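Peer 1: This is the content of run.cif (mmCIF, C-alpha atoms and all ligand atoms):
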data_protein
#
loop_
_atom_site.label_atom_id
_atom_site.label_comp_id
_atom_site.auth_asym_id
_atom_site.auth_seq_id
_atom_site.Cartn_x
_atom_site.Cartn_y
_atom_site.Cartn_z
CA MET T 1 81.25 13.92 -52.38
CA SER T 2 77.61 14.21 -51.37
CA SER T 3 75.42 11.33 -52.56
CA HIS T 4 72.58 11.95 -55.00
CA LYS T 5 70.45 9.43 -53.12
CA LEU T 6 67.46 10.45 -51.00
CA LYS T 7 68.31 10.35 -47.31
CA CYS T 8 66.05 8.43 -44.97
CA SER T 9 65.69 7.43 -41.34
CA ILE T 10 64.32 4.21 -39.89
CA LEU T 11 62.13 4.95 -36.86
CA GLY T 12 62.18 1.68 -34.92
CA GLY T 13 65.36 0.63 -36.73
CA THR T 14 66.36 -1.75 -33.93
CA GLY T 15 63.24 -3.96 -34.25
CA ILE T 16 62.51 -6.85 -36.62
CA VAL T 17 60.97 -4.69 -39.33
CA GLY T 18 63.64 -2.04 -38.82
CA GLN T 19 66.40 -4.61 -39.33
CA ASN T 20 64.73 -5.74 -42.54
CA TYR T 21 64.87 -2.15 -43.83
CA ILE T 22 68.57 -2.01 -43.01
CA LYS T 23 69.22 -5.23 -44.87
CA LEU T 24 67.00 -4.42 -47.87
CA LEU T 25 68.28 -0.86 -48.32
CA ARG T 26 71.97 -1.94 -48.36
CA ASP T 27 72.48 -1.24 -52.05
CA HIS T 28 69.33 0.64 -52.90
CA PRO T 29 69.80 2.77 -56.02
CA TRP T 30 67.65 5.68 -54.79
CA PHE T 31 67.71 5.69 -50.96
CA GLU T 32 70.34 5.70 -48.22
CA ILE T 33 69.94 5.45 -44.45
CA ILE T 34 71.50 8.35 -42.55
CA ASP T 35 69.60 8.08 -39.26
CA ILE T 36 68.20 5.38 -36.97
CA ALA T 37 65.78 6.17 -34.15
CA ALA T 38 64.42 3.90 -31.42
CA SER T 39 63.43 3.93 -27.74
CA PRO T 40 65.29 5.74 -24.95
CA ARG T 41 66.80 2.29 -24.15
CA SER T 42 68.81 2.46 -27.38
CA GLU T 43 69.41 6.23 -27.44
CA GLY T 44 73.05 7.32 -27.72
CA LYS T 45 74.36 3.83 -28.54
CA HIS T 46 76.10 2.81 -31.72
CA TYR T 47 73.60 0.85 -33.82
CA TYR T 48 75.59 -2.39 -33.49
CA GLU T 49 75.56 -2.03 -29.67
CA ALA T 50 71.85 -1.25 -29.58
CA VAL T 51 70.91 -4.42 -31.52
CA LYS T 52 73.65 -6.77 -30.24
CA SER T 53 72.20 -10.31 -30.19
CA LYS T 54 68.82 -8.95 -31.34
CA TRP T 55 70.20 -8.73 -34.94
CA GLN T 56 68.14 -11.36 -36.79
CA MET T 57 69.21 -10.84 -40.40
CA ASN T 58 71.28 -13.40 -42.34
CA CYS T 59 73.93 -10.79 -43.19
CA ASN T 60 76.29 -8.61 -41.19
CA ILE T 61 75.11 -5.16 -40.19
CA PRO T 62 75.94 -3.00 -43.23
CA GLU T 63 79.02 -0.81 -42.61
CA PRO T 64 77.34 2.60 -43.19
CA VAL T 65 74.73 1.80 -40.53
CA LYS T 66 76.84 -0.10 -37.98
CA ASN T 67 78.27 2.98 -36.31
CA LEU T 68 75.33 5.36 -36.57
CA ILE T 69 74.38 6.72 -33.15
CA VAL T 70 70.78 5.78 -32.39
CA ARG T 71 68.55 8.80 -31.84
CA ASN T 72 65.61 8.83 -29.43
CA VAL T 73 62.58 8.78 -31.75
CA PHE T 74 60.95 11.58 -29.71
CA ASP T 75 63.99 13.86 -30.04
CA PHE T 76 63.25 16.35 -32.82
CA ASN T 77 66.12 18.68 -31.91
CA SER T 78 68.76 16.37 -33.30
CA LEU T 79 66.90 15.62 -36.54
CA ASP T 80 69.28 15.77 -39.49
CA PRO T 81 68.15 18.69 -41.73
CA GLU T 82 69.25 16.63 -44.74
CA LEU T 83 66.58 14.01 -44.08
CA ASP T 84 64.23 13.54 -47.06
CA PHE T 85 61.76 11.08 -45.50
CA VAL T 86 61.36 8.44 -42.76
CA PHE T 87 60.15 4.85 -42.61
CA SER T 88 58.22 4.27 -39.38
CA ALA T 89 58.57 0.77 -37.89
CA ILE T 90 58.09 1.95 -34.35
CA ALA T 91 55.98 -0.01 -31.86
CA LEU T 92 54.68 1.95 -28.85
CA PRO T 93 52.34 0.58 -26.16
CA ASN T 94 49.69 3.16 -27.08
CA LYS T 95 48.64 3.47 -30.74
CA ASP T 96 47.50 7.09 -30.26
CA ASP T 97 51.10 7.95 -29.34
CA VAL T 98 52.28 6.48 -32.65
CA LYS T 99 49.67 8.54 -34.50
CA THR T 100 50.79 11.73 -32.76
CA LEU T 101 54.46 10.93 -33.35
CA GLU T 102 54.01 10.26 -37.07
CA PHE T 103 52.07 13.49 -37.55
CA GLN T 104 54.80 15.37 -35.63
CA TYR T 105 57.35 14.19 -38.21
CA ALA T 106 54.99 15.26 -41.01
CA GLN T 107 54.56 18.64 -39.29
CA GLU T 108 58.37 18.98 -39.35
CA GLY T 109 58.12 18.71 -43.14
CA ILE T 110 59.14 15.06 -43.33
CA PRO T 111 57.15 12.47 -45.31
CA VAL T 112 56.41 9.34 -43.22
CA ILE T 113 55.86 5.86 -44.65
CA SER T 114 54.54 3.71 -41.84
CA ASN T 115 54.25 0.02 -41.00
CA ASN T 116 52.34 0.74 -37.82
CA SER T 117 48.57 0.22 -37.74
CA ALA T 118 47.93 3.48 -35.82
CA ASN T 119 47.11 5.62 -38.87
CA ARG T 120 45.56 2.97 -41.09
CA TRP T 121 42.04 4.17 -40.29
CA THR T 122 42.79 7.89 -40.37
CA PRO T 123 40.41 8.98 -43.18
CA ASP T 124 42.89 11.24 -45.01
CA VAL T 125 45.82 8.79 -44.80
CA PRO T 126 46.23 6.45 -47.80
CA MET T 127 46.79 2.76 -47.01
CA LEU T 128 48.82 1.72 -50.03
CA ILE T 129 49.63 -1.41 -51.96
CA PRO T 130 51.17 0.15 -55.08
CA GLU T 131 49.86 -2.50 -57.49
CA ILE T 132 46.30 -2.07 -56.24
CA ASN T 133 45.40 1.42 -55.11
CA HIS T 134 48.07 3.85 -56.35
CA GLU T 135 45.16 6.20 -57.15
CA HIS T 136 44.84 6.84 -53.40
CA LEU T 137 48.00 8.98 -53.65
CA LYS T 138 45.54 11.75 -54.63
CA LEU T 139 44.80 12.03 -50.90
CA ILE T 140 48.27 13.35 -50.07
CA PRO T 141 47.71 16.98 -51.16
CA ILE T 142 44.30 16.86 -49.45
CA GLN T 143 45.92 15.68 -46.21
CA GLN T 144 48.61 18.37 -46.51
CA ARG T 145 46.06 21.16 -47.03
CA ARG T 146 43.79 19.94 -44.25
CA ARG T 147 46.61 19.60 -41.72
CA ASN T 148 48.67 22.56 -42.89
CA PHE T 149 51.71 20.43 -43.76
CA SER T 150 54.08 22.23 -46.13
CA HIS T 151 55.97 19.18 -47.33
CA GLY T 152 55.37 16.30 -44.91
CA PHE T 153 52.57 13.73 -45.03
CA VAL T 154 51.78 10.25 -43.68
CA VAL T 155 51.21 7.18 -45.85
CA VAL T 156 50.74 3.69 -44.39
CA LYS T 157 50.99 0.18 -45.65
CA PRO T 158 48.41 -2.41 -44.61
CA ASN T 159 48.77 -5.38 -42.28
CA CYS T 160 51.09 -8.23 -43.27
CA SER T 161 48.28 -10.81 -42.98
CA ILE T 162 46.35 -9.55 -46.04
CA GLN T 163 49.20 -9.25 -48.56
CA SER T 164 48.92 -12.77 -49.91
CA TYR T 165 45.21 -12.77 -50.79
CA ILE T 166 44.41 -9.18 -51.74
CA ALA T 167 46.50 -9.06 -54.95
CA PRO T 168 44.98 -12.26 -56.40
CA LEU T 169 41.47 -10.95 -55.70
CA HIS T 170 42.37 -7.57 -57.23
CA ALA T 171 43.71 -9.27 -60.35
CA LEU T 172 40.36 -11.06 -60.85
CA GLU T 173 38.39 -7.86 -60.33
CA GLN T 174 40.61 -5.98 -62.78
CA ALA T 175 39.81 -8.68 -65.32
CA GLY T 176 36.09 -7.98 -64.85
CA TYR T 177 35.17 -10.68 -62.31
CA ALA T 178 33.86 -8.96 -59.17
CA VAL T 179 34.26 -10.89 -55.92
CA GLU T 180 31.67 -10.66 -53.15
CA LYS T 181 32.57 -13.16 -50.38
CA VAL T 182 35.94 -14.26 -49.05
CA ILE T 183 36.62 -16.69 -46.19
CA VAL T 184 40.28 -16.74 -45.24
CA THR T 185 42.36 -18.61 -42.66
CA THR T 186 45.88 -17.26 -42.18
CA LEU T 187 48.81 -19.28 -40.82
CA GLN T 188 51.14 -16.59 -39.59
CA ALA T 189 54.88 -16.75 -38.91
CA VAL T 190 56.40 -15.87 -35.54
CA SER T 191 58.47 -12.97 -36.94
CA GLY T 192 55.13 -11.18 -37.38
CA ALA T 193 55.10 -10.64 -33.62
CA GLY T 194 58.38 -8.70 -33.57
CA TYR T 195 61.34 -9.47 -31.29
CA PRO T 196 61.37 -11.41 -28.95
CA GLY T 197 57.76 -12.03 -29.95
CA VAL T 198 55.94 -15.25 -29.04
CA ALA T 199 57.54 -17.21 -26.18
CA SER T 200 59.25 -20.38 -27.45
CA LEU T 201 57.29 -22.59 -25.02
CA ASP T 202 54.06 -21.25 -26.51
CA ILE T 203 54.94 -21.94 -30.14
CA ILE T 204 57.34 -24.91 -30.42
CA ASP T 205 55.29 -28.08 -31.01
CA ASN T 206 52.16 -25.96 -31.07
CA ILE T 207 49.89 -23.49 -32.86
CA VAL T 208 48.11 -20.56 -31.24
CA PRO T 209 44.62 -19.98 -32.64
CA TYR T 210 44.47 -16.28 -31.73
CA ILE T 211 46.45 -13.17 -32.73
CA GLY T 212 45.10 -10.05 -31.04
CA GLY T 213 43.44 -7.62 -33.47
CA GLU T 214 44.56 -9.54 -36.54
CA GLU T 215 41.19 -10.88 -37.67
CA GLU T 216 39.60 -7.43 -37.55
CA LYS T 217 42.50 -6.00 -39.61
CA SER T 218 42.30 -8.86 -42.11
CA GLU T 219 38.58 -8.30 -42.62
CA MET T 220 38.48 -4.50 -42.61
CA GLU T 221 41.67 -3.25 -44.26
CA PRO T 222 40.79 -4.65 -47.72
CA LEU T 223 37.64 -2.48 -47.67
CA LYS T 224 39.72 0.71 -47.47
CA ILE T 225 42.28 -0.51 -50.00
CA PHE T 226 39.49 -1.36 -52.47
CA GLY T 227 37.76 1.94 -51.55
CA THR T 228 37.09 4.93 -53.79
CA VAL T 229 39.01 8.16 -53.31
CA THR T 230 36.99 11.40 -53.32
CA ASP T 231 38.21 15.00 -52.97
CA LYS T 232 38.06 14.59 -49.16
CA GLU T 233 38.72 10.99 -48.15
CA ILE T 234 38.42 7.33 -49.05
CA ILE T 235 34.98 5.75 -49.12
CA ASN T 236 35.29 2.10 -48.10
CA ARG T 237 33.99 -0.60 -50.39
CA THR T 238 30.76 -2.13 -49.08
CA ASP T 239 29.92 -4.82 -51.65
CA ILE T 240 32.64 -7.30 -50.68
CA HIS T 241 32.78 -9.18 -47.37
CA PHE T 242 35.67 -10.91 -45.62
CA SER T 243 35.63 -13.43 -42.77
CA ALA T 244 39.08 -14.16 -41.30
CA THR T 245 40.60 -16.62 -38.83
CA CYS T 246 44.23 -15.87 -37.91
CA ILE T 247 46.50 -18.52 -36.41
CA ARG T 248 50.12 -18.27 -35.23
CA VAL T 249 52.24 -21.21 -36.46
CA PRO T 250 55.84 -22.29 -35.77
CA VAL T 251 57.27 -20.83 -39.02
CA THR T 252 59.99 -18.17 -38.92
CA ASP T 253 58.95 -16.03 -41.92
CA GLY T 254 56.10 -16.16 -44.40
CA HIS T 255 52.36 -15.86 -43.83
CA THR T 256 50.24 -18.47 -45.62
CA ALA T 257 46.51 -18.04 -46.30
CA SER T 258 43.88 -20.60 -47.21
CA VAL T 259 41.25 -18.67 -49.18
CA ASN T 260 37.71 -19.65 -50.26
CA PHE T 261 35.81 -17.11 -52.34
CA LYS T 262 32.66 -16.40 -54.32
CA PHE T 263 32.18 -14.21 -57.35
CA LYS T 264 29.38 -11.69 -57.55
CA GLY T 265 28.39 -12.31 -61.18
CA SER T 266 29.94 -14.44 -63.87
CA ILE T 267 32.39 -17.16 -62.83
CA PRO T 268 35.56 -17.65 -64.88
CA LYS T 269 36.92 -21.11 -65.65
CA LEU T 270 39.78 -22.40 -63.52
CA ASP T 271 42.40 -22.07 -66.28
CA GLU T 272 41.29 -18.51 -67.00
CA ILE T 273 41.84 -17.55 -63.35
CA ILE T 274 45.36 -18.95 -63.44
CA ASP T 275 46.08 -17.05 -66.67
CA ILE T 276 44.74 -13.82 -65.12
CA TRP T 277 47.07 -14.27 -62.16
CA LYS T 278 50.07 -15.06 -64.35
CA ASP T 279 49.43 -12.01 -66.55
CA TYR T 280 48.79 -9.59 -63.66
CA ARG T 281 50.95 -6.44 -63.83
CA SER T 282 50.42 -2.93 -62.55
CA LEU T 283 52.00 0.51 -62.18
CA PRO T 284 55.12 -0.57 -60.20
CA GLN T 285 55.99 -2.96 -63.02
CA GLU T 286 55.27 -0.32 -65.71
CA LEU T 287 57.45 2.20 -63.86
CA ARG T 288 60.11 -0.47 -63.31
CA LEU T 289 60.44 0.47 -59.65
CA PRO T 290 63.56 -1.18 -58.16
CA PHE T 291 61.62 -3.26 -55.61
CA ALA T 292 58.72 -4.17 -57.91
CA PRO T 293 58.53 -7.92 -58.48
CA GLU T 294 58.57 -8.77 -62.17
CA ASN T 295 55.55 -11.03 -61.59
CA PRO T 296 53.56 -9.78 -58.58
CA ILE T 297 51.73 -13.14 -58.54
CA ILE T 298 53.51 -16.44 -59.15
CA TYR T 299 51.28 -19.48 -59.66
CA LEU T 300 52.85 -22.87 -58.90
CA GLU T 301 51.35 -26.02 -60.43
CA ASN T 302 52.82 -28.50 -57.89
CA VAL T 303 50.05 -29.76 -55.61
CA ASP T 304 52.12 -29.29 -52.44
CA ARG T 305 53.08 -25.63 -52.96
CA PRO T 306 53.40 -22.85 -51.91
CA GLN T 307 55.42 -23.60 -48.77
CA PRO T 308 56.93 -20.85 -46.58
CA LYS T 309 60.44 -22.32 -46.49
CA LYS T 310 60.62 -22.85 -50.25
CA ASP T 311 58.60 -19.97 -51.67
CA ARG T 312 58.67 -16.96 -49.33
CA ASP T 313 61.76 -15.44 -50.99
CA ASN T 314 60.37 -15.55 -54.52
CA ASP T 315 61.35 -12.40 -56.42
CA LYS T 316 63.27 -10.84 -53.49
CA GLY T 317 60.41 -11.73 -51.11
CA MET T 318 58.16 -9.28 -52.98
CA ALA T 319 56.00 -11.71 -55.00
CA VAL T 320 52.85 -13.43 -53.77
CA THR T 321 53.04 -17.17 -54.48
CA ILE T 322 49.82 -19.10 -55.07
CA GLY T 323 48.88 -22.71 -55.65
CA ARG T 324 46.13 -25.30 -55.35
CA LEU T 325 43.34 -23.39 -57.09
CA ARG T 326 40.35 -25.72 -57.05
CA LYS T 327 36.55 -25.73 -56.98
CA ASP T 328 34.87 -25.11 -53.65
CA ASN T 329 31.65 -26.98 -52.76
CA ILE T 330 30.15 -24.03 -50.88
CA LEU T 331 31.64 -20.88 -52.42
CA ASP T 332 33.13 -20.90 -55.97
CA TYR T 333 36.88 -21.57 -55.64
CA LYS T 334 39.65 -22.00 -53.08
CA PHE T 335 43.43 -21.56 -53.17
CA ILE T 336 46.54 -21.28 -50.99
CA ALA T 337 48.57 -18.05 -51.00
CA LEU T 338 51.85 -17.06 -49.39
CA SER T 339 53.75 -13.82 -48.90
CA HIS T 340 56.85 -12.88 -46.94
CA ASN T 341 55.53 -11.00 -43.91
CA THR T 342 58.58 -8.91 -43.05
CA ILE T 343 59.49 -8.18 -46.71
CA ARG T 344 56.35 -7.77 -48.88
CA GLY T 345 54.25 -7.47 -45.72
CA ALA T 346 56.43 -4.88 -44.00
CA ALA T 347 59.79 -3.33 -44.99
CA GLY T 348 59.84 -4.34 -48.68
CA GLY T 349 56.23 -3.26 -49.20
CA ALA T 350 56.99 0.12 -47.62
CA ILE T 351 60.13 0.53 -49.74
CA LEU T 352 57.97 -0.06 -52.83
CA ASN T 353 55.60 2.65 -51.53
CA ALA T 354 58.56 5.01 -51.15
CA GLU T 355 59.74 4.24 -54.68
CA LEU T 356 56.28 5.00 -56.04
CA LEU T 357 56.19 8.28 -54.08
CA LYS T 358 59.58 9.27 -55.47
CA ALA T 359 58.60 8.31 -59.02
CA LYS T 360 55.46 10.43 -58.68
CA GLY T 361 57.38 13.47 -57.37
CA PHE T 362 56.21 13.46 -53.74
CA PHE T 363 59.75 13.74 -52.33
CA GLU T 364 60.76 17.07 -53.84
CA LYS T 365 63.50 18.72 -51.73
CA ARG T 366 62.39 20.45 -48.53
P1 LIG A 401 59.76 -4.90 -32.69
O1 LIG A 401 60.70 -5.91 -33.20
O2 LIG A 401 59.14 -5.11 -31.36
O3 LIG A 401 60.48 -3.44 -32.73
C1 LIG A 401 59.90 -2.32 -32.11
C2 LIG A 401 60.69 -1.04 -32.34
O4 LIG A 401 60.02 0.03 -31.63
C3 LIG A 401 62.12 -1.08 -31.79
O5 LIG A 401 62.94 -0.28 -32.59
C4 LIG A 401 61.98 -0.47 -30.39
O6 LIG A 401 63.17 0.19 -29.95
C5 LIG A 401 60.91 0.58 -30.64
N1 LIG A 401 60.19 0.85 -29.39
C6 LIG A 401 59.59 -0.05 -28.57
N2 LIG A 401 59.07 0.58 -27.49
C7 LIG A 401 59.37 1.90 -27.64
C8 LIG A 401 59.14 3.05 -26.84
N3 LIG A 401 58.47 2.98 -25.68
N4 LIG A 401 59.57 4.26 -27.30
C9 LIG A 401 60.21 4.36 -28.48
N5 LIG A 401 60.50 3.29 -29.27
C10 LIG A 401 60.07 2.07 -28.86
O7 LIG A 401 58.50 -4.72 -33.70
P2 LIG A 401 58.43 -5.04 -35.28
O8 LIG A 401 57.98 -6.42 -35.53
O9 LIG A 401 59.67 -4.55 -35.92
O10 LIG A 401 57.19 -4.11 -35.71
C11 LIG A 401 57.29 -2.71 -35.85
C12 LIG A 401 55.95 -2.18 -36.36
O11 LIG A 401 55.66 -2.77 -37.64
C13 LIG A 401 54.77 -2.58 -35.45
O12 LIG A 401 53.83 -1.54 -35.45
C14 LIG A 401 54.21 -3.82 -36.13
O13 LIG A 401 52.85 -4.01 -35.84
C15 LIG A 401 54.41 -3.46 -37.59
N6 LIG A 401 54.50 -4.61 -38.51
C16 LIG A 401 55.26 -5.70 -38.21
C17 LIG A 401 55.33 -6.75 -39.13
C18 LIG A 401 56.15 -7.99 -38.88
O14 LIG A 401 56.02 -8.94 -39.70
N7 LIG A 401 56.99 -8.05 -37.85
C19 LIG A 401 54.63 -6.68 -40.33
C20 LIG A 401 53.87 -5.53 -40.61
C21 LIG A 401 53.82 -4.51 -39.69
P3 LIG A 401 64.17 -0.50 -28.87
O15 LIG A 401 64.93 -1.57 -29.62
O16 LIG A 401 65.05 0.63 -28.47
O17 LIG A 401 63.33 -1.06 -27.77
#
Could you express the structure from this file as C-alpha cells?

Peer 2:
Amino acid sequence: MSSHKLKCSILGGTGIVGQNYIKLLRDHPWFEIIDIAASPRSEGKHYYEAVKSKWQMNCNIPEPVKNLIVRNVFDFNSLDPELDFVFSAIALPNKDDVKTLEFQYAQEGIPVISNNSANRWTPDVPMLIPEINHEHLKLIPIQQRRRNFSHGFVVVKPNCSIQSYIAPLHALEQAGYAVEKVIVTTLQAVSGAGYPGVASLDIIDNIVPYIGGEEEKSEMEPLKIFGTVTDKEIINRTDIHFSATCIRVPVTDGHTASVNFKFKGSIPKLDEIIDIWKDYRSLPQELRLPFAPENPIIYLENVDRPQPKKDRDNDKGMAVTIGRLRKDNILDYKFIALSHNTIRGAAGGAILNAELLKAKGFFEKR
C-alpha cells in the first residue's frame, strides 16, 4: 500500500546533518525518506556501507533507510519521480556549486530546504526561522515567477550559531521593546564542523578562538531574518547592530552564546523580560506543527544553567534554553543562551521549515 506521507530525499545524507535528518525523521507523521544522495565516493553503496563508522547517532540506522542505494547528488537521471521535496545538507568545496545544484533541483520541480549557507544571501530566497519570519514565505511565488520554476523553489535556514539568541531578541521586539545593539560571544560545539571536523589534537584540552566565516554570518544573518519582505525581495533591517566573537569549544553538541544587549527606547524590568520569554509563542505553536517546541524559549532560574550537556535536548532539541539574565554595566542586560546546533540549528530547524511549508500548501503534488 502506498504511503500517504510526503516523500523526501536527504542531499548530503551521509554527513553529520544528514544523519540527524535520518534519525529525526524515523517516525515523522508527514514525511518519509525515499532517497539519499551524497558524493561520488558514496554513490552506488547501500546507505549503511556508505556511512560505516561515520554513523554518529545514538540509535541504529533506521531499517527503511539502511539499505537505500546512495545516489550521486549530481545525478538527475535517477531521480525518483515520486519525490515531493529534498533537504539539502550537502557540503561542496565551492559554495557557487551548491547554489547551482540547489537551483537545478528547483528547476526539476523539486522544492529544496537547505542547511547550506550558499543561498542565504540570494535576494529572492527566504532564510527562515518559522517562529520569527514566516511572512518571508511570500517570496516563494516571486522566486518561482522570476526563475520560471513551475513547482520547485529554494528556502534556506540560517546558521546554527544564531539560533540561541535571535528568538529571545525577537520575543522582546514582539512585546514592543526594540533592540538596537547586541554583543555576542558564541561557544560552539565540534559537531558544528561536520565529520570528521576539528582534529582531536586541536580541540581536546583547548579552545580555538576562530571559526572561519562564522562571525560574519552571526552578525549579518539576523539582519535578513528581521528584514521586511517587499513584492521583489527582502530589505535587510538597518537599525539593529550585532558584534560577534565565535569560539570552538570541546563540547560535542550544543552552541552556547553569551549575549549583552541594549534597547532602543524603553527598557523593561528584569522580571518582565523573563515573563515575555516564558510566554513567547508563534505560528508553529498555533499550527501545532509536529516539530514545534511547546515553549520555544525555556528560561531556567538556576544560576549555573543552561549547560550543553544538561539542556541541549530540551523539547526534542528544538527549544532555546536561557538563563542568567542580569543587568549589564555598559549595555542594558546580559544573558546566556543555548541551542542544539545539529537539531534546532540544522536538521530539526529545517524539518520545522518543511512542516510550515506543508501546512501552508507549498508542497502540492507535482
Ligand atoms: P559533513 O558531515 O561534512 O557532510 C557533508 C556531506 O556532503 C556528506 O554527505 C558528503 O558526502 C557530501 N559531500 C562532500 N563533498 C562532496 C562532493 N564533492 N560532492 C558531493 N557531495 C559531497 O557536513 P555537515 O556538518 O553535515 O554539514 C552539511 C551542511 O550543513 C554544510 O553546508 C554545513 O555548513 C551546514 N550546517 C551544518 C551544521 C552543523 O551543526 N554540523 C549546522 C548548520 C548548517 P560523502 O559522505 O559521500 O563524502

Peer 1: Of the residues T:Tyr165, T:Asn260, T:Lys217, T:Val156, which is the one nearest to Arg326 in chain T, using all atoms listed in the file?

Peer 2: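 With all atoms listed in the file as the atom set, the closest residue is T:Asn260.
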
Peer 1: How many Å lie between CA of Lys45 in chain T and CA of Ser191 in chain T, rounded to one decimal?

Peer 2: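 Result for CA of Lys45 in chain T versus CA of Ser191 in chain T: 24.6 Å, one decimal.
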
Peer 1: What's the separation between atom P1 of ligand LIG 401 (chain A) and CA of Lys52 in chain T, in Å to one decimal place?

Peer 2: 14.2 Å

Peer 1: Could you check how far CA of Leu270 in chain T sits from CA of His170 in chain T, in Å to one decimal?

Peer 2: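 According to the coordinates, CA of Leu270 in chain T and CA of His170 in chain T are separated by 16.3 Å.
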
Peer 1: For Lys95 in chain T, work out the shell of residues within 12 Å, counting all atoms listed in the file and skipping chain neighbours fewer than 4 positions away, then give it as an NGL selection string.

Peer 2: :T and (90-91 or 99-102 or 116-121)

Peer 1: Tell me which protein, DNA and RNA residues are within 10 Å of Ile235 in chain T, counting only C-alpha atoms, leaving out same-chain ones fewer than 2 positions away, and put them as a list in words.

Peer 2: Pro123, Leu223, Lys224, Ile225, Phe226, Gly227, Thr228, Val229, Thr230, Lys232, Glu233, Arg237 and Thr238 of chain T

Peer 1: Could you name the residues that touch Ile351 in chain T at 9 Å or less, counting all atoms listed in the file, but leaving out those on the same chain fewer than 3 positions away, as a list in words?

Peer 2: Tyr21, Leu24, Leu25, Phe87, Ile113, Phe291, Ala346, Ala347, Gly348, Ala354, Glu355 and Leu356 of chain T

Peer 1: Restricting the calculation to only C-alpha atoms and all ligand atoms: of T:Pro168, T:Gly361, T:Gly197, T:Gly12, which residue gets closest to ligand LIG 401 (chain A)?

Peer 2: T:Gly12

Peer 1: N, CA, C and O atoms are what I want for range 279-293 of chain T; can you complete it accordingly and write them as a tab-separated table (two decimals), in the frame of the given file?

Peer 2:
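New file part36.tsv:
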chain	number	residue	atom	x	y	z
T	279	ASP	N	49.26	-13.21	-65.71
T	279	ASP	CA	49.43	-12.01	-66.55
T	279	ASP	C	49.36	-10.71	-65.74
T	279	ASP	O	49.53	-9.63	-66.29
T	280	TYR	N	49.04	-10.80	-64.46
T	280	TYR	CA	48.79	-9.59	-63.66
T	280	TYR	C	50.04	-8.70	-63.56
T	280	TYR	O	51.12	-9.16	-63.17
T	281	ARG	N	49.89	-7.46	-63.96
T	281	ARG	CA	50.95	-6.44	-63.83
T	281	ARG	C	50.27	-5.14	-63.45
T	281	ARG	O	49.10	-4.95	-63.72
T	282	SER	N	51.03	-4.21	-62.90
T	282	SER	CA	50.42	-2.93	-62.55
T	282	SER	C	51.46	-1.81	-62.65
T	282	SER	O	52.53	-1.99	-63.22
T	283	LEU	N	51.14	-0.67	-62.05
T	283	LEU	CA	52.00	0.51	-62.18
T	283	LEU	C	53.45	0.29	-61.74
T	283	LEU	O	54.38	0.73	-62.43
T	284	PRO	N	53.71	-0.38	-60.60
T	284	PRO	CA	55.12	-0.57	-60.20
T	284	PRO	C	55.94	-1.29	-61.25
T	284	PRO	O	57.13	-1.02	-61.42
T	285	GLN	N	55.28	-2.23	-61.96
T	285	GLN	CA	55.99	-2.96	-63.02
T	285	GLN	C	56.18	-2.04	-64.22
T	285	GLN	O	57.26	-2.02	-64.81
T	286	GLU	N	55.14	-1.26	-64.57
T	286	GLU	CA	55.27	-0.32	-65.71
T	286	GLU	C	56.38	0.69	-65.44
T	286	GLU	O	57.16	1.03	-66.33
T	287	LEU	N	56.44	1.18	-64.21
T	287	LEU	CA	57.45	2.20	-63.86
T	287	LEU	C	58.83	1.59	-63.60
T	287	LEU	O	59.79	2.31	-63.36
T	288	ARG	N	58.88	0.26	-63.59
T	288	ARG	CA	60.11	-0.47	-63.31
T	288	ARG	C	60.75	-0.01	-61.99
T	288	ARG	O	61.94	0.30	-61.91
T	289	LEU	N	59.93	0.07	-60.97
T	289	LEU	CA	60.44	0.47	-59.65
T	289	LEU	C	61.42	-0.60	-59.15
T	289	LEU	O	61.17	-1.81	-59.36
T	290	PRO	N	62.52	-0.20	-58.52
T	290	PRO	CA	63.56	-1.18	-58.16
T	290	PRO	C	63.06	-2.37	-57.34
T	290	PRO	O	63.54	-3.47	-57.52
T	291	PHE	N	62.09	-2.16	-56.46
T	291	PHE	CA	61.62	-3.26	-55.61
T	291	PHE	C	60.39	-3.96	-56.19
T	291	PHE	O	59.86	-4.89	-55.56
T	292	ALA	N	59.92	-3.54	-57.35
T	292	ALA	CA	58.72	-4.17	-57.91
T	292	ALA	C	59.06	-5.58	-58.38
T	292	ALA	O	60.02	-5.77	-59.13
T	293	PRO	N	58.28	-6.57	-57.96
T	293	PRO	CA	58.53	-7.92	-58.48
T	293	PRO	C	58.14	-7.95	-59.96
T	293	PRO	O	57.17	-7.30	-60.35
